[in-house]
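Structure file final.cif; described as mmCIF, C-alpha atoms.
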```cif
data_my_file
loop_
_atom_site.label_atom_id
_atom_site.label_comp_id
_atom_site.auth_asym_id
_atom_site.auth_seq_id
_atom_site.Cartn_x
_atom_site.Cartn_y
_atom_site.Cartn_z
CA MET A 1 -36.69 109.63 48.32
CA LEU A 2 -39.87 107.66 47.82
CA THR A 3 -43.15 109.56 48.13
CA ASP A 4 -46.31 108.32 49.83
CA LEU A 5 -47.69 107.40 46.39
CA ASP A 6 -44.53 105.43 45.60
CA ARG A 7 -44.82 103.54 48.88
CA ARG A 8 -48.49 102.87 48.26
CA SER A 9 -47.67 101.49 44.81
CA ILE A 10 -44.97 99.25 46.25
CA SER A 11 -47.26 98.11 49.08
CA LEU A 12 -49.98 97.17 46.59
CA TYR A 13 -47.47 95.24 44.50
CA LYS A 14 -46.24 93.35 47.55
CA LYS A 15 -49.84 92.40 48.30
CA LEU A 16 -50.20 91.13 44.74
CA ILE A 17 -47.06 89.02 45.15
CA ASP A 18 -48.34 87.68 48.48
CA TYR A 19 -51.56 86.71 46.73
CA CYS A 20 -49.60 84.93 43.97
CA SER A 21 -47.77 82.96 46.66
CA LYS A 22 -51.04 82.16 48.44
CA VAL A 23 -52.64 80.69 45.31
CA GLY A 24 -49.40 79.00 44.19
CA LEU A 25 -49.22 80.74 40.82
CA LYS A 26 -45.53 80.09 40.17
CA GLU A 27 -45.80 76.41 41.15
CA LYS A 28 -48.92 76.03 39.01
CA LEU A 29 -47.22 77.48 35.94
CA GLU A 30 -44.20 75.23 36.47
CA SER A 31 -46.14 72.02 37.09
CA MET A 32 -48.95 72.44 34.54
CA TYR A 33 -47.14 74.15 31.69
CA GLY A 34 -43.46 73.49 32.25
CA TYR A 35 -42.86 77.19 32.74
CA ILE A 36 -39.28 77.97 33.77
CA ALA A 37 -39.21 81.03 36.01
CA PHE A 38 -36.22 83.19 36.88
CA GLU A 39 -35.00 82.77 40.47
CA ASN A 40 -36.72 85.90 41.86
CA GLN A 41 -39.81 85.91 39.69
CA PHE A 42 -43.06 86.55 41.61
CA SER A 43 -41.13 88.06 44.53
CA PHE A 44 -40.15 91.53 45.77
CA THR A 45 -37.10 92.35 47.89
CA GLU A 46 -35.22 95.39 49.13
CA LEU A 47 -33.14 95.23 45.95
CA ASN A 48 -36.30 95.53 43.86
CA GLU A 49 -37.42 98.53 45.92
CA ARG A 50 -34.10 100.26 45.23
CA CYS A 51 -34.47 99.44 41.54
CA TYR A 52 -37.99 100.92 41.58
CA GLU A 53 -36.51 104.12 42.97
CA PHE A 54 -33.54 104.41 40.59
CA MET A 55 -35.03 102.82 37.45
CA TYR A 56 -38.55 104.25 37.56
CA LYS A 57 -39.00 107.12 40.01
CA TYR A 58 -35.85 109.15 39.27
CA PRO A 59 -35.90 108.70 35.46
CA LYS A 60 -39.56 109.77 35.49
CA GLU A 61 -38.73 112.90 37.50
CA GLU A 62 -35.45 113.76 35.78
CA GLY A 63 -36.16 112.62 32.22
CA ILE A 64 -32.83 110.79 32.11
CA ILE A 65 -32.31 107.08 31.36
CA LYS A 66 -29.04 106.08 33.03
CA ARG A 67 -26.84 103.37 31.63
CA ARG A 68 -27.09 100.05 33.38
CA GLU A 69 -23.41 100.15 34.34
CA GLU A 70 -23.94 103.40 36.24
CA LEU A 71 -26.82 101.88 38.19
CA VAL A 72 -24.73 98.80 39.00
CA ASN A 73 -22.32 101.15 40.79
CA THR A 74 -25.22 102.77 42.67
CA ILE A 75 -27.46 99.86 43.70
CA ALA A 76 -25.96 97.19 45.97
CA ASP A 77 -26.16 93.62 44.59
CA LEU A 78 -27.51 94.76 41.21
CA GLY A 79 -24.40 93.61 39.34
CA ALA A 80 -24.80 90.02 40.51
CA ILE A 81 -28.48 89.86 39.56
CA CYS A 82 -27.68 91.41 36.16
CA ASP A 83 -25.09 88.70 35.48
CA ARG A 84 -27.56 85.94 36.32
CA CYS A 85 -30.28 87.69 34.31
CA ARG A 86 -28.07 87.73 31.21
CA ASP A 87 -27.13 84.07 31.65
CA PHE A 88 -30.78 83.08 32.03
CA PHE A 89 -32.49 85.14 29.34
CA LEU A 90 -29.79 84.97 26.66
CA ARG A 91 -29.76 81.17 26.61
CA PRO A 92 -31.26 79.64 23.44
CA ARG A 93 -35.05 79.57 23.50
CA GLY A 94 -37.03 76.40 22.92
CA THR A 95 -39.80 75.82 20.41
CA PHE A 96 -42.54 78.45 20.46
CA ASP A 97 -45.83 76.94 21.67
CA LYS A 98 -48.68 79.38 21.06
CA LYS A 99 -51.31 77.34 22.93
CA LYS A 100 -49.15 76.97 26.03
CA ASP A 101 -48.16 80.63 25.89
CA THR A 102 -51.84 81.62 25.74
CA ARG A 103 -52.77 79.43 28.71
CA ILE A 104 -49.94 80.83 30.82
CA GLY A 105 -51.16 84.32 29.98
CA GLU A 106 -54.70 83.42 31.00
CA GLU A 107 -53.51 82.07 34.38
CA ILE A 108 -51.67 85.31 35.07
CA GLU A 109 -54.62 87.43 33.95
CA ASN A 110 -57.04 85.49 36.16
CA THR A 111 -54.73 85.90 39.14
CA PHE A 112 -54.53 89.66 38.61
CA MET A 113 -58.30 89.97 38.21
CA LYS A 114 -59.03 87.96 41.35
CA PHE A 115 -56.52 90.05 43.31
CA LEU A 116 -58.30 93.23 42.26
CA GLN A 117 -61.67 91.74 43.15
CA GLN A 118 -60.42 90.89 46.64
CA HIS A 119 -59.19 94.46 47.12
CA GLU A 120 -62.37 96.47 46.62
CA VAL A 121 -62.19 96.71 42.83
CA ASN A 122 -65.34 95.88 40.87
CA CYS A 123 -63.72 94.05 37.98
CA ARG A 124 -64.77 91.49 35.38
CA ARG A 125 -63.58 90.11 32.08
CA GLY A 126 -63.79 92.73 29.36
CA ASP A 127 -63.75 90.56 26.25
CA VAL A 128 -66.88 88.45 26.72
CA VAL A 129 -67.48 87.88 22.99
CA ASN A 130 -63.88 87.11 21.87
CA LYS A 131 -63.72 90.29 19.83
CA ASN A 132 -60.31 91.66 20.87
CA TYR A 133 -61.79 93.90 23.53
CA PRO A 134 -59.34 94.68 26.38
CA ASP A 135 -58.90 92.03 29.08
CA PHE A 136 -60.76 93.62 32.01
CA LEU A 137 -63.60 96.04 32.61
CA ILE A 138 -63.58 98.14 35.78
CA LEU A 139 -66.98 99.24 37.09
CA ASN A 140 -68.13 101.50 39.89
CA GLU A 141 -70.20 100.40 42.90
CA GLU A 142 -73.42 100.76 40.89
CA GLY A 143 -72.08 98.60 38.09
CA LEU A 144 -71.50 101.44 35.64
CA GLU A 145 -68.49 101.11 33.37
CA LYS A 146 -65.41 103.16 34.35
CA PHE A 147 -62.52 101.97 32.19
CA TYR A 148 -60.92 98.98 30.47
CA ILE A 149 -57.56 97.37 31.17
CA GLU A 150 -55.38 95.47 28.70
CA LEU A 151 -52.84 93.54 30.81
CA LYS A 152 -49.31 92.70 29.66
CA TYR A 153 -47.08 90.52 31.87
CA LEU A 154 -43.35 90.99 31.25
CA ALA A 155 -40.65 88.95 32.97
CA SER A 156 -37.96 88.92 30.27
CA PRO A 157 -36.06 92.16 29.59
CA PHE A 158 -34.76 92.85 26.09
CA ILE A 159 -31.12 92.74 27.16
CA LYS A 160 -29.66 93.71 23.78
CA ILE A 161 -31.87 96.75 23.19
CA ARG A 162 -29.02 99.27 23.45
CA ASP A 163 -27.49 97.54 20.39
CA ILE A 164 -30.72 98.16 18.48
CA ILE A 165 -31.97 101.54 19.76
CA ARG A 166 -29.50 104.18 20.85
CA GLY A 167 -30.04 105.53 24.36
CA ARG A 168 -32.34 102.74 25.53
CA GLU A 169 -31.66 100.30 28.37
CA CYS A 170 -32.96 96.82 29.15
CA TYR A 171 -34.57 97.79 32.46
CA GLU A 172 -36.83 100.53 31.04
CA ALA A 173 -37.92 99.12 27.67
CA LEU A 174 -41.35 97.47 27.92
CA THR A 175 -42.10 95.16 25.02
CA LEU A 176 -45.31 95.62 23.05
CA ASP A 177 -46.28 93.36 20.15
CA VAL A 178 -47.07 95.49 17.09
CA ASP A 179 -49.28 93.13 15.19
CA GLU A 180 -52.70 92.49 13.72
CA LYS A 181 -54.20 91.94 17.18
CA LEU A 182 -53.06 95.39 18.29
CA GLU A 183 -54.53 96.96 15.15
CA LYS A 184 -57.85 95.17 15.65
CA GLN A 185 -57.99 96.24 19.28
CA ARG A 186 -57.11 99.80 18.36
CA ARG A 187 -60.06 99.99 15.97
CA ILE A 188 -62.34 98.76 18.74
CA VAL A 189 -60.91 101.23 21.26
CA GLU A 190 -61.22 104.18 18.89
CA GLU A 191 -64.52 103.28 17.21
CA GLU A 192 -66.58 101.34 19.76
CA ILE A 193 -65.41 102.08 23.31
CA GLU A 194 -66.45 105.40 24.84
CA ILE A 195 -64.64 105.08 28.18
CA PRO A 196 -60.89 105.16 28.91
CA VAL A 197 -58.66 102.22 28.05
CA PHE A 198 -55.33 101.64 29.78
CA TYR A 199 -52.48 99.33 28.85
CA VAL A 200 -51.26 97.92 32.17
CA PHE A 201 -47.84 96.30 32.44
CA TRP A 202 -47.13 93.81 35.19
CA LEU A 203 -43.37 94.23 35.19
CA ASP A 204 -41.52 91.32 36.81
CA PHE A 205 -37.94 91.83 35.67
CA PRO A 206 -35.14 90.54 37.90
CA CYS A 207 -34.40 94.17 38.80
CA VAL A 208 -37.41 96.52 38.59
CA LYS A 209 -40.88 95.23 39.43
CA GLY A 210 -44.34 96.73 39.75
CA ILE A 211 -47.60 97.59 38.02
CA PHE A 212 -47.35 100.46 35.53
CA PHE A 213 -49.72 101.82 32.92
CA MET A 214 -50.31 104.18 30.00
CA SER A 215 -53.49 105.35 28.31
CA ALA A 216 -54.34 103.72 25.00
CA ASP A 217 -53.98 107.12 23.31
CA GLU A 218 -50.39 107.38 24.57
CA VAL A 219 -49.56 103.83 23.47
CA TYR A 220 -50.94 104.37 19.97
CA HIS A 221 -49.14 107.71 19.63
CA TYR A 222 -45.85 106.04 20.53
CA VAL A 223 -46.39 103.22 18.02
CA ASP A 224 -47.39 105.70 15.29
CA SER A 225 -44.31 107.85 15.91
CA ARG A 226 -41.77 105.01 16.24
CA GLY A 227 -43.24 102.19 14.20
CA VAL A 228 -41.76 98.69 14.48
CA GLU A 229 -38.54 99.13 16.47
CA TYR A 230 -37.36 95.53 16.19
CA LYS A 231 -38.35 92.32 14.43
CA ARG A 232 -37.55 89.24 16.48
CA ARG A 233 -35.89 86.32 14.74
CA ALA A 234 -38.31 83.49 13.95
CA ARG A 235 -38.21 80.40 16.13
CA GLU A 236 -39.36 76.86 15.56
CA GLY A 237 -43.08 76.89 16.18
CA ASN A 238 -43.62 80.35 14.65
CA PHE A 239 -45.00 78.78 11.47
CA ILE A 240 -47.75 76.25 10.83
CA VAL A 241 -49.17 74.70 7.67
CA ARG A 242 -52.90 75.31 7.26
CA SER A 243 -54.86 74.21 4.17
CA GLY A 244 -51.59 73.60 2.38
CA ARG A 245 -50.27 77.09 3.11
CA LYS A 246 -47.53 78.14 5.50
CA GLU A 247 -48.77 80.69 8.04
CA GLU A 248 -46.90 82.63 10.69
CA ILE A 249 -48.18 82.57 14.27
CA GLY A 250 -46.86 84.42 17.28
CA HIS A 251 -45.66 88.01 17.40
CA ARG A 252 -42.28 89.14 16.06
CA ASP A 253 -42.71 92.88 15.38
CA LYS A 254 -41.96 94.87 18.54
CA ALA A 255 -42.11 98.37 19.99
CA TYR A 256 -40.54 99.28 23.33
CA LEU A 257 -42.51 101.63 25.55
CA PRO A 258 -40.36 103.67 27.98
CA LEU A 259 -41.01 102.86 31.64
CA PRO A 260 -40.58 106.51 32.74
CA MET A 261 -43.63 107.43 30.63
CA MET A 262 -45.81 105.14 32.75
CA LYS A 263 -48.01 105.94 35.73
CA ASP A 264 -47.93 103.76 38.87
CA PHE A 265 -50.02 101.13 40.68
CA GLY A 266 -51.21 103.55 43.35
CA THR A 267 -52.69 105.83 40.70
CA LEU A 268 -54.38 102.94 38.88
CA TYR A 269 -55.82 101.54 42.10
CA GLY A 270 -57.06 104.98 43.14
CA MET A 271 -58.90 105.35 39.83
CA ALA A 272 -60.37 101.86 40.12
CA THR A 273 -61.72 102.41 43.64
CA SER A 274 -62.77 106.04 43.23
CA ARG A 275 -66.48 106.76 43.44
CA LEU A 276 -66.15 109.03 40.43
CA ASN A 277 -66.64 107.72 36.92
CA SER A 278 -63.67 108.08 34.59
CA THR A 279 -63.55 110.19 31.47
CA ARG A 280 -61.26 109.53 28.52
CA ILE A 281 -57.84 110.93 29.27
CA GLY A 282 -56.67 113.34 26.62
CA LYS A 283 -53.47 112.85 24.70
CA SER A 284 -50.51 114.07 26.72
CA TYR A 285 -47.03 113.09 25.66
#
```
Once more with this new file: its structure as structure tokens, please.
Amino acid sequence: MLTDLDRRSISLYKKLIDYCSKVGLKEKLESMYGYIAFENQFSFTELNERCYEFMYKYPKEEGIIKRREELVNTIADLGAICDRCRDFFLRPRGTFDKKKDTRIGEEIENTFMKFLQQHEVNCRRGDVVNKNYPDFLILNEEGLEKFYIELKYLASPFIKIRDIIRGRECYEALTLDVDEKLEKQRRIVEEEIEIPVFYVFWLDFPCVKGIFFMSADEVYHYVDSRGVEYKRRAREGNFIVRSGRKEEIGHRDKAYLPLPMMKDFGTLYGMATSRLNSTRIGKSY
């Protein structure tokens, strides 16, 4: 059964989706950047609420990741959405376009920031000098720094993960690029930033949806302990020629953070709107 905190987290996410609809985010991404969204992207239905319960809440409480087939037999209509998800996300990808990908990310980030600002969160851009600082800085009412947020938007599950990592499932594996940018940001987080940093995942899979987060310490511990869990195959557009030399762009080395390790939207929002300043959360795994 969902708790009050679960319902608060879901309610906040529904408000975020309503805001996306109000500002026409999906239509903007499609018209300006040719973005092709899955049929239920930027939406939240009763099916998604059931998936939240069985794919996030219960695994977090029980410490058990159930096979997708078992959940299909438990959650009404999940099998049909899984079939369409596989058809959609396993189709051949087009050419990788780093500039377009970056602009889409910026649109999503700006939408999330403006939503927070309209819901009593004192929030501004965190990386004002293009130095790989996290995306957003959360402040208290007096303008004192509370914590940073690095936002990751995920709409495409890694459907074949169980073939790569034993015991993992597509619905609970949250992709993180393990690359030079992450290493640069880690140095900044550990050497320059004296307040907490959280990696926040806007999860918009066809099944489970919501805002979830981990502390930077937890993310880095996971990456250190697991390393690169998968290297994606190169696509056209992953390489450019610069000054006569072939250089790789884009991110192919991946780690997959477990959804049950994450905290929820209600907790994040409570921290952001609390009158108390944050302190760095210790390492707890």
How close does stretch 121-190 of chain A get to stretch 217-229 of chain A? List, as a tab-separated table, each residue of stretch 121-190 of chain A within 12 Å, its nearest atom pair and the distance in Å to one decimal, counting only C-alpha atoms.
```
residue	atom	partner	partner_atom	distance
A:Glu150	CA	A:Val219	CA	11.5
A:Ile161	CA	A:Glu229	CA	9.8
A:Arg162	CA	A:Glu229	CA	11.8
A:Asp163	CA	A:Glu229	CA	11.8
A:Ile164	CA	A:Glu229	CA	8.1
A:Ile165	CA	A:Glu229	CA	7.7
A:Arg166	CA	A:Glu229	CA	11.2
A:Arg168	CA	A:Glu229	CA	11.6
A:Ala173	CA	A:Glu229	CA	11.2
A:Leu174	CA	A:Val219	CA	11.3
A:Thr175	CA	A:Glu229	CA	10.1
A:Leu176	CA	A:Val223	CA	9.2
A:Asp177	CA	A:Val228	CA	9.0
A:Val178	CA	A:Val228	CA	6.7
A:Asp179	CA	A:Val228	CA	9.4
A:Leu182	CA	A:Tyr220	CA	9.4
A:Glu183	CA	A:Tyr220	CA	9.5
A:Gln185	CA	A:Tyr220	CA	10.8
A:Arg186	CA	A:Tyr220	CA	7.8
A:Arg187	CA	A:Tyr220	CA	10.9
A:Val189	CA	A:Asp217	CA	9.3
A:Glu190	CA	A:Asp217	CA	9.0
```
| request: Give me the residues within 12 Å of stretch 36-42 of chain A as a PyMOL selection string, counting only C-alpha atoms and dropping any in the same chain fewer than 4 places off. | output: chain A and resi 13-32+47-48+81-82+84-89+93-94+104+108+111+153-157+202-210
For the selection you just gave me, I'd like the residues written to a file as a PDB file, keeping the file's coordinate frame, keeping C-alpha atoms.
```
ATOM      1  CA  TYR A  13     -47.470  95.240  44.500  1.00  0.00           C
ATOM      2  CA  LYS A  14     -46.240  93.350  47.550  1.00  0.00           C
ATOM      3  CA  LYS A  15     -49.840  92.400  48.300  1.00  0.00           C
ATOM      4  CA  LEU A  16     -50.200  91.130  44.740  1.00  0.00           C
ATOM      5  CA  ILE A  17     -47.060  89.020  45.150  1.00  0.00           C
ATOM      6  CA  ASP A  18     -48.340  87.680  48.480  1.00  0.00           C
ATOM      7  CA  TYR A  19     -51.560  86.710  46.730  1.00  0.00           C
ATOM      8  CA  CYS A  20     -49.600  84.930  43.970  1.00  0.00           C
ATOM      9  CA  SER A  21     -47.770  82.960  46.660  1.00  0.00           C
ATOM     10  CA  LYS A  22     -51.040  82.160  48.440  1.00  0.00           C
ATOM     11  CA  VAL A  23     -52.640  80.690  45.310  1.00  0.00           C
ATOM     12  CA  GLY A  24     -49.400  79.000  44.190  1.00  0.00           C
ATOM     13  CA  LEU A  25     -49.220  80.740  40.820  1.00  0.00           C
ATOM     14  CA  LYS A  26     -45.530  80.090  40.170  1.00  0.00           C
ATOM     15  CA  GLU A  27     -45.800  76.410  41.150  1.00  0.00           C
ATOM     16  CA  LYS A  28     -48.920  76.030  39.010  1.00  0.00           C
ATOM     17  CA  LEU A  29     -47.220  77.480  35.940  1.00  0.00           C
ATOM     18  CA  GLU A  30     -44.200  75.230  36.470  1.00  0.00           C
ATOM     19  CA  SER A  31     -46.140  72.020  37.090  1.00  0.00           C
ATOM     20  CA  MET A  32     -48.950  72.440  34.540  1.00  0.00           C
ATOM     21  CA  LEU A  47     -33.140  95.230  45.950  1.00  0.00           C
ATOM     22  CA  ASN A  48     -36.300  95.530  43.860  1.00  0.00           C
ATOM     23  CA  ILE A  81     -28.480  89.860  39.560  1.00  0.00           C
ATOM     24  CA  CYS A  82     -27.680  91.410  36.160  1.00  0.00           C
ATOM     25  CA  ARG A  84     -27.560  85.940  36.320  1.00  0.00           C
ATOM     26  CA  CYS A  85     -30.280  87.690  34.310  1.00  0.00           C
ATOM     27  CA  ARG A  86     -28.070  87.730  31.210  1.00  0.00           C
ATOM     28  CA  ASP A  87     -27.130  84.070  31.650  1.00  0.00           C
ATOM     29  CA  PHE A  88     -30.780  83.080  32.030  1.00  0.00           C
ATOM     30  CA  PHE A  89     -32.490  85.140  29.340  1.00  0.00           C
ATOM     31  CA  ARG A  93     -35.050  79.570  23.500  1.00  0.00           C
ATOM     32  CA  GLY A  94     -37.030  76.400  22.920  1.00  0.00           C
ATOM     33  CA  ILE A 104     -49.940  80.830  30.820  1.00  0.00           C
ATOM     34  CA  ILE A 108     -51.670  85.310  35.070  1.00  0.00           C
ATOM     35  CA  THR A 111     -54.730  85.900  39.140  1.00  0.00           C
ATOM     36  CA  TYR A 153     -47.080  90.520  31.870  1.00  0.00           C
ATOM     37  CA  LEU A 154     -43.350  90.990  31.250  1.00  0.00           C
ATOM     38  CA  ALA A 155     -40.650  88.950  32.970  1.00  0.00           C
ATOM     39  CA  SER A 156     -37.960  88.920  30.270  1.00  0.00           C
ATOM     40  CA  PRO A 157     -36.060  92.160  29.590  1.00  0.00           C
ATOM     41  CA  TRP A 202     -47.130  93.810  35.190  1.00  0.00           C
ATOM     42  CA  LEU A 203     -43.370  94.230  35.190  1.00  0.00           C
ATOM     43  CA  ASP A 204     -41.520  91.320  36.810  1.00  0.00           C
ATOM     44  CA  PHE A 205     -37.940  91.830  35.670  1.00  0.00           C
ATOM     45  CA  PRO A 206     -35.140  90.540  37.900  1.00  0.00           C
ATOM     46  CA  CYS A 207     -34.400  94.170  38.800  1.00  0.00           C
ATOM     47  CA  VAL A 208     -37.410  96.520  38.590  1.00  0.00           C
ATOM     48  CA  LYS A 209     -40.880  95.230  39.430  1.00  0.00           C
ATOM     49  CA  GLY A 210     -44.340  96.730  39.750  1.00  0.00           C
TER      50      GLY A 210
END
```
| task | Run the PyMOL selection byres ((chain A and resi 138) around 8) on the file and write out the hits as an NGL selection string. | result | :A and (121-124 or 136-137 or 139-140 or 145-149 or 272)
Keeping only C-alpha atoms, take the residues you just selected and write them out as a tab-separated table (two decimals), in the frame of the given file.
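Written output follows (result32.tsv):
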```
chain	number	residue	atom	x	y	z
A	121	VAL	CA	-62.19	96.71	42.83
A	122	ASN	CA	-65.34	95.88	40.87
A	123	CYS	CA	-63.72	94.05	37.98
A	124	ARG	CA	-64.77	91.49	35.38
A	136	PHE	CA	-60.76	93.62	32.01
A	137	LEU	CA	-63.60	96.04	32.61
A	139	LEU	CA	-66.98	99.24	37.09
A	140	ASN	CA	-68.13	101.50	39.89
A	145	GLU	CA	-68.49	101.11	33.37
A	146	LYS	CA	-65.41	103.16	34.35
A	147	PHE	CA	-62.52	101.97	32.19
A	148	TYR	CA	-60.92	98.98	30.47
A	149	ILE	CA	-57.56	97.37	31.17
A	272	ALA	CA	-60.37	101.86	40.12
```
| By how many Å are atom CA of A:Tyr52 and atom CA of A:Leu2 apart? |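 Distance between the two atoms: 9.4 Å.
From atom CA of A:Tyr269 back to atom CA of A:Lys184, the distance works out to 27.3 Å.
For the atom pair formed by atom CA of A:Lys131 and atom CA of A:Gly34, the distance is 29.1 Å, given to one decimal.
You can rank A:Arg50, A:Lys114, A:Arg91, A:Lys181 by their closest distance to A:Asp77 using only C-alpha atoms, and at the top of that list sits A:Arg50.
Considering all atoms listed in the file, the residue among A:Asp127, A:Asp253, A:Glu194, A:Glu172 positioned nearest to A:Pro59 is A:Glu172.
Restricting the calculation to all atoms listed in the file, the smallest distance between A:Asp6 and any of A:Ile211, A:Ile65, A:Ala76, A:Met261 is found for A:Ile211.
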Distance query A:Met262 at most 10 Å, all atoms listed in the file, self and fewer than 5 positions along chain excluded, as a JSON list (two decimals) with C-alpha atoms, in the frame of the given file:
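Saved file around_3.json follows:
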```json
[["chain", "number", "residue", "atom", "x", "y", "z"],
["A", 56, "TYR", "CA", -38.55, 104.25, 37.56],
["A", 60, "LYS", "CA", -39.56, 109.77, 35.49],
["A", 199, "TYR", "CA", -52.48, 99.33, 28.85],
["A", 200, "VAL", "CA", -51.26, 97.92, 32.17],
["A", 201, "PHE", "CA", -47.84, 96.30, 32.44],
["A", 211, "ILE", "CA", -47.60, 97.59, 38.02],
["A", 212, "PHE", "CA", -47.35, 100.46, 35.53],
["A", 213, "PHE", "CA", -49.72, 101.82, 32.92],
["A", 214, "MET", "CA", -50.31, 104.18, 30.00],
["A", 215, "SER", "CA", -53.49, 105.35, 28.31],
["A", 218, "GLU", "CA", -50.39, 107.38, 24.57],
["A", 257, "LEU", "CA", -42.51, 101.63, 25.55]]
```
| Counting all atoms listed in the file, the option among A:Tyr35, A:Gly143, A:Tyr171, A:Pro196 closest to A:Lys100 |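 Smallest separation from A:Lys100 among the options: A:Tyr35.
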| Residues within 9 Å of stretch 70-72 of chain A, all atoms listed in the file, excluding chain neighbours under 5 positions, as JSON, numbers by chain | {"A": [51, 54, 55, 77, 78, 79, 80, 82]}
